[in-house]
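Peer 1: After the structure tokens below, expect a handful of questions from me.
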Amino acid sequence: MTKKANKTLQEVFDEYIALRRPKLSTAADYQAVLNRYAKDWLPKSWSALTSDTFEKRFSEVSLKSPAQANYFVRVMGAIWKFATIKYEVNKRNPTDRIKALGALNKIKPRDNIIHDIIQPKWWSAVQKLDNQHLTAALIFLALTGCRKSEALKLHCSDIDWQARVVTFSETKNGTIHRLPLPDRLHSFLYQHCKGRSGPVFAVSDRSINYVAADISRRIGFKWTLHDLRRTFVTVAQRTLNDLATVKRLVNHSTGGDVTTKHYLKLTVDDLRKPMQRVEDAFGNLAQERPLDLPKTD
């Protein structure tokens, strides 16, 4: 067996990242998966891993998190395929057995939203939080439908106050996303960011997840941060009855839709009125002066 075939799994992964150059967030996710589920394999030869060994580990991870176990298969499968091609080694991918046997976990798609009847309680709880950065982050997520990771990477310099536009420069699909700010959200963010630089929302991933769980307990309804995105899409489509515009608002991939991908080019100005209508719709759902948003010092 060649010297390259005896490289450690960590060394192979480092080469994979260096040559494939995925987004930093993707590389960090992959490394986290390896650290969590294959830490004892990292200092060992990548080619020594067998299908039996991997199947046993997959079963163990599945007991804790079926979705993470599937992701583990995806990560390890990609690294192994890279290694066999890079080092010209004819070794069976240990993840193939899981796929061939149809043993991947069946994951039910999440489809929860914050229902209309819950909206007043949710808005009230969010606006009563002691930490104004957490309040601001949750309001922003609810009224833009953006992903949590994209919101937490925003800096005050990413907002053009005169043009009333926020720019997401690092997104899941790799495109720059520019979104107009509706009236009340623009006013609220201006007060929130006034006189400072740095992150728009000075909160950690852990703290915002914790407060989401705490609000769930207080209002008696379990929800997640990604449910805010699904809720935005639901309210936007109900309000606008225009799926192409809704997809553009949340920066969804157009997939194989040729018309949407190559011909329909909605500008930021095209999105201003739709965004305002969606904000107004949330105002009606929240009730009792819902979006007289709290000012921050």
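By order of appearance in the structure tokens: chains A, B, ..., then residues from 1 within every chain, and ligands from 1 in the order shown.
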Give me, as a list in words, all polymer residues having an atom no more than 10 Å from Asp14 (chain A), counting only C-alpha atoms and skipping those fewer than 4 positions away in the same chain.

Peer 2: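 Counting only the stated atoms, we get Thr8, Leu9, Gln10, Ala18, Leu19, Arg20, Ala27, Gln31 and Ile79 of chain A.
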
Peer 1: Got time to write the residues from that selection, N, CA, C and O atoms, as a PDB file, in the first residue's frame?

Peer 2:
```pdb
ATOM      1  N   THR A   8      -3.378   9.925   7.616  1.00  0.00           N
ATOM      2  CA  THR A   8      -4.454   9.901   8.608  1.00  0.00           C
ATOM      3  C   THR A   8      -5.721  10.514   8.027  1.00  0.00           C
ATOM      4  O   THR A   8      -5.669  11.277   7.050  1.00  0.00           O
ATOM      5  N   LEU A   9      -6.830  10.181   8.634  1.00  0.00           N
ATOM      6  CA  LEU A   9      -8.105  10.747   8.184  1.00  0.00           C
ATOM      7  C   LEU A   9      -8.078  12.265   8.281  1.00  0.00           C
ATOM      8  O   LEU A   9      -8.596  12.961   7.395  1.00  0.00           O
ATOM      9  N   GLN A  10      -7.447  12.804   9.329  1.00  0.00           N
ATOM     10  CA  GLN A  10      -7.369  14.255   9.463  1.00  0.00           C
ATOM     11  C   GLN A  10      -6.545  14.866   8.342  1.00  0.00           C
ATOM     12  O   GLN A  10      -6.908  15.919   7.793  1.00  0.00           O
ATOM     13  N   ALA A  18      -8.352  21.942   1.412  1.00  0.00           N
ATOM     14  CA  ALA A  18      -7.406  22.800   0.680  1.00  0.00           C
ATOM     15  C   ALA A  18      -7.685  22.785  -0.823  1.00  0.00           C
ATOM     16  O   ALA A  18      -7.579  23.825  -1.490  1.00  0.00           O
ATOM     17  N   LEU A  19      -8.041  21.635  -1.359  1.00  0.00           N
ATOM     18  CA  LEU A  19      -8.259  21.523  -2.798  1.00  0.00           C
ATOM     19  C   LEU A  19      -9.686  21.849  -3.220  1.00  0.00           C
ATOM     20  O   LEU A  19      -9.902  22.479  -4.260  1.00  0.00           O
ATOM     21  N   ARG A  20     -10.667  21.431  -2.441  1.00  0.00           N
ATOM     22  CA  ARG A  20     -12.056  21.671  -2.799  1.00  0.00           C
ATOM     23  C   ARG A  20     -12.525  23.085  -2.447  1.00  0.00           C
ATOM     24  O   ARG A  20     -13.438  23.624  -3.056  1.00  0.00           O
ATOM     25  N   ALA A  27     -16.760  23.956   5.812  1.00  0.00           N
ATOM     26  CA  ALA A  27     -15.561  23.282   6.318  1.00  0.00           C
ATOM     27  C   ALA A  27     -15.644  23.106   7.829  1.00  0.00           C
ATOM     28  O   ALA A  27     -15.286  22.046   8.362  1.00  0.00           O
ATOM     29  N   GLN A  31     -15.724  19.533   9.885  1.00  0.00           N
ATOM     30  CA  GLN A  31     -14.753  19.242  10.941  1.00  0.00           C
ATOM     31  C   GLN A  31     -15.465  18.931  12.256  1.00  0.00           C
ATOM     32  O   GLN A  31     -15.050  18.024  13.005  1.00  0.00           O
ATOM     33  N   ILE A  79     -15.325  12.515   1.744  1.00  0.00           N
ATOM     34  CA  ILE A  79     -13.882  12.476   2.028  1.00  0.00           C
ATOM     35  C   ILE A  79     -13.254  11.216   1.440  1.00  0.00           C
ATOM     36  O   ILE A  79     -12.179  11.254   0.837  1.00  0.00           O
TER      37      ILE A  79
END
```

Peer 1: When DSSP is applied to the backbone of this structure, which of region 92-197 of chain A are assigned alpha helix (DSSP H)? Write them out as number ranges by chain.

Peer 2: A: 96-100, 119-127, 132-144, 148-152, 183-193

Peer 1: Applying 12 Å and only C-alpha atoms, which residues near Val250 (chain A) remain after dropping the ones on its own chain fewer than 4 positions away? List them as number ranges by chain.

Peer 2: A: 141-147, 150, 168, 171-173, 175-180, 228-234, 236-237, 243-246, 254, 271, 275

Peer 1: Convert the current residue selection to file output with C-alpha atoms, as a short mmCIF file (atom, residue, chain, number, x, y, z; two decimals), in the first residue's frame.

Peer 2:
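As a result, part-v9.cif now contains:
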```
data_model
loop_
_atom_site.label_atom_id
_atom_site.label_comp_id
_atom_site.auth_asym_id
_atom_site.auth_seq_id
_atom_site.Cartn_x
_atom_site.Cartn_y
_atom_site.Cartn_z
CA LEU A 141 -35.51 37.03 11.53
CA ALA A 142 -39.31 37.15 11.71
CA LEU A 143 -39.69 40.12 9.34
CA THR A 144 -37.08 39.14 6.74
CA GLY A 145 -37.27 35.34 6.70
CA CYS A 146 -33.50 35.16 6.47
CA ARG A 147 -31.46 32.29 7.86
CA GLU A 150 -26.88 34.95 7.72
CA PHE A 168 -26.16 39.62 2.94
CA THR A 171 -25.37 33.21 2.02
CA LYS A 172 -26.14 29.50 1.85
CA ASN A 173 -26.41 29.44 -1.94
CA THR A 175 -25.03 34.63 -3.90
CA ILE A 176 -25.08 38.18 -2.58
CA HIS A 177 -28.60 38.93 -1.39
CA ARG A 178 -29.87 42.52 -1.15
CA LEU A 179 -33.17 43.09 0.60
CA PRO A 180 -35.12 46.34 1.07
CA LEU A 228 -39.53 31.86 11.55
CA ARG A 229 -38.31 31.43 7.97
CA ARG A 230 -41.13 29.01 7.15
CA THR A 231 -43.61 31.39 8.79
CA PHE A 232 -42.33 34.32 6.74
CA VAL A 233 -42.69 32.34 3.51
CA THR A 234 -46.22 31.27 4.49
CA ALA A 236 -45.64 36.30 2.35
CA GLN A 237 -47.24 33.85 -0.10
CA LEU A 243 -44.27 32.55 -5.39
CA ALA A 244 -41.51 33.94 -7.63
CA THR A 245 -41.36 37.12 -5.53
CA VAL A 246 -41.51 35.16 -2.27
CA THR A 254 -34.55 28.75 -8.45
CA LEU A 271 -39.20 44.04 -3.76
CA MET A 275 -41.72 43.64 1.70
#
```

Peer 1: Using DSSP assignments from the backbone, pull out every residue in region 163-204 of chain A that falls under strand (DSSP E) and give it to me as a list in words.

Peer 2: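 Residues of region 163-204 of chain A classed as strand (DSSP E): Val165, Val166, Thr167, Phe168, His177, Arg178, Leu179 and Pro180 of chain A.
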
Peer 1: At a cut-off of 12 Å, using only C-alpha atoms, what residues contact region 188-195 of chain A? Leave out same-chain residues fewer than 4 positions from it and give the result as number ranges by chain.

Peer 2: A: 132-137, 139-140, 143, 154-162, 164-166, 181-184, 199-202, 291-297

Peer 1: Nearest to Ile215 (chain A): which of A:Val203, A:Val126, A:Leu138, A:Ala83 is it, counting only C-alpha atoms?

Peer 2: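 Smallest separation from Ile215 (chain A) among the options: A:Val126.
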
Peer 1: Let me make sure I understand: among A:Lys7, A:Lys56, A:Arg206, A:Lys128, which one has the smallest atom-to-atom distance to Ala38 (chain A) if we use only C-alpha atoms?

Peer 2: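 Using only C-alpha atoms, Ala38 (chain A) sits closest to A:Lys56.
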
Peer 1: Between CA of Val278 (chain A) and CA of Asp116 (chain A), what distance in Å does the model show, to one decimal?

Peer 2: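 It comes out at 13.9 Å.
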
Peer 1: Find the residue from A:Val61, A:Val75, A:Val235, A:Leu240 that sits nearest to Ala28 (chain A); use only C-alpha atoms when measuring.

Peer 2: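 Between A:Val61, A:Val75, A:Val235, A:Leu240, the residue approaching Ala28 (chain A) most closely is A:Val75.
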
Peer 1: Near Arg97 (chain A), counting only C-alpha atoms, which residues have an atom at most 12 Å away, once you skip same-chain residues fewer than 6 positions from it, shown as an MDAnalysis selection string?

Peer 2: chainID A and resid 50:56 58 73 77 103:104

Peer 1: Restricted to C-alpha atoms, what would the selected residues look like written as a CSV table (one decimal), in the first residue's frame?

Peer 2:
```
chain,number,residue,atom,x,y,z
A,50,THR,CA,-14.0,-0.9,7.1
A,51,SER,CA,-17.6,-1.1,6.2
A,52,ASP,CA,-18.3,-3.1,9.4
A,53,THR,CA,-16.7,-0.5,11.6
A,54,PHE,CA,-18.5,2.4,9.9
A,55,GLU,CA,-21.9,0.6,10.0
A,56,LYS,CA,-21.5,0.1,13.8
A,58,PHE,CA,-23.5,4.9,12.1
A,73,VAL,CA,-22.5,9.4,6.0
A,77,GLY,CA,-18.5,9.4,1.9
A,103,ALA,CA,-30.3,2.0,5.8
A,104,LEU,CA,-30.2,5.8,5.8
```

Peer 1: So the first atom is CA of Lys108 (chain A) and the second is CA of Ala78 (chain A); what is the distance between them in Å, to one decimal place?

Peer 2: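 Calculated distance between CA of Lys108 (chain A) and CA of Ala78 (chain A) is 23.7 Å.
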
Peer 1: Using Å and a single decimal, report how far CA of Arg248 (chain A) sits from CA of Ala286 (chain A).

Peer 2: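 Rounded to one decimal, the two atoms are 24.4 Å apart.
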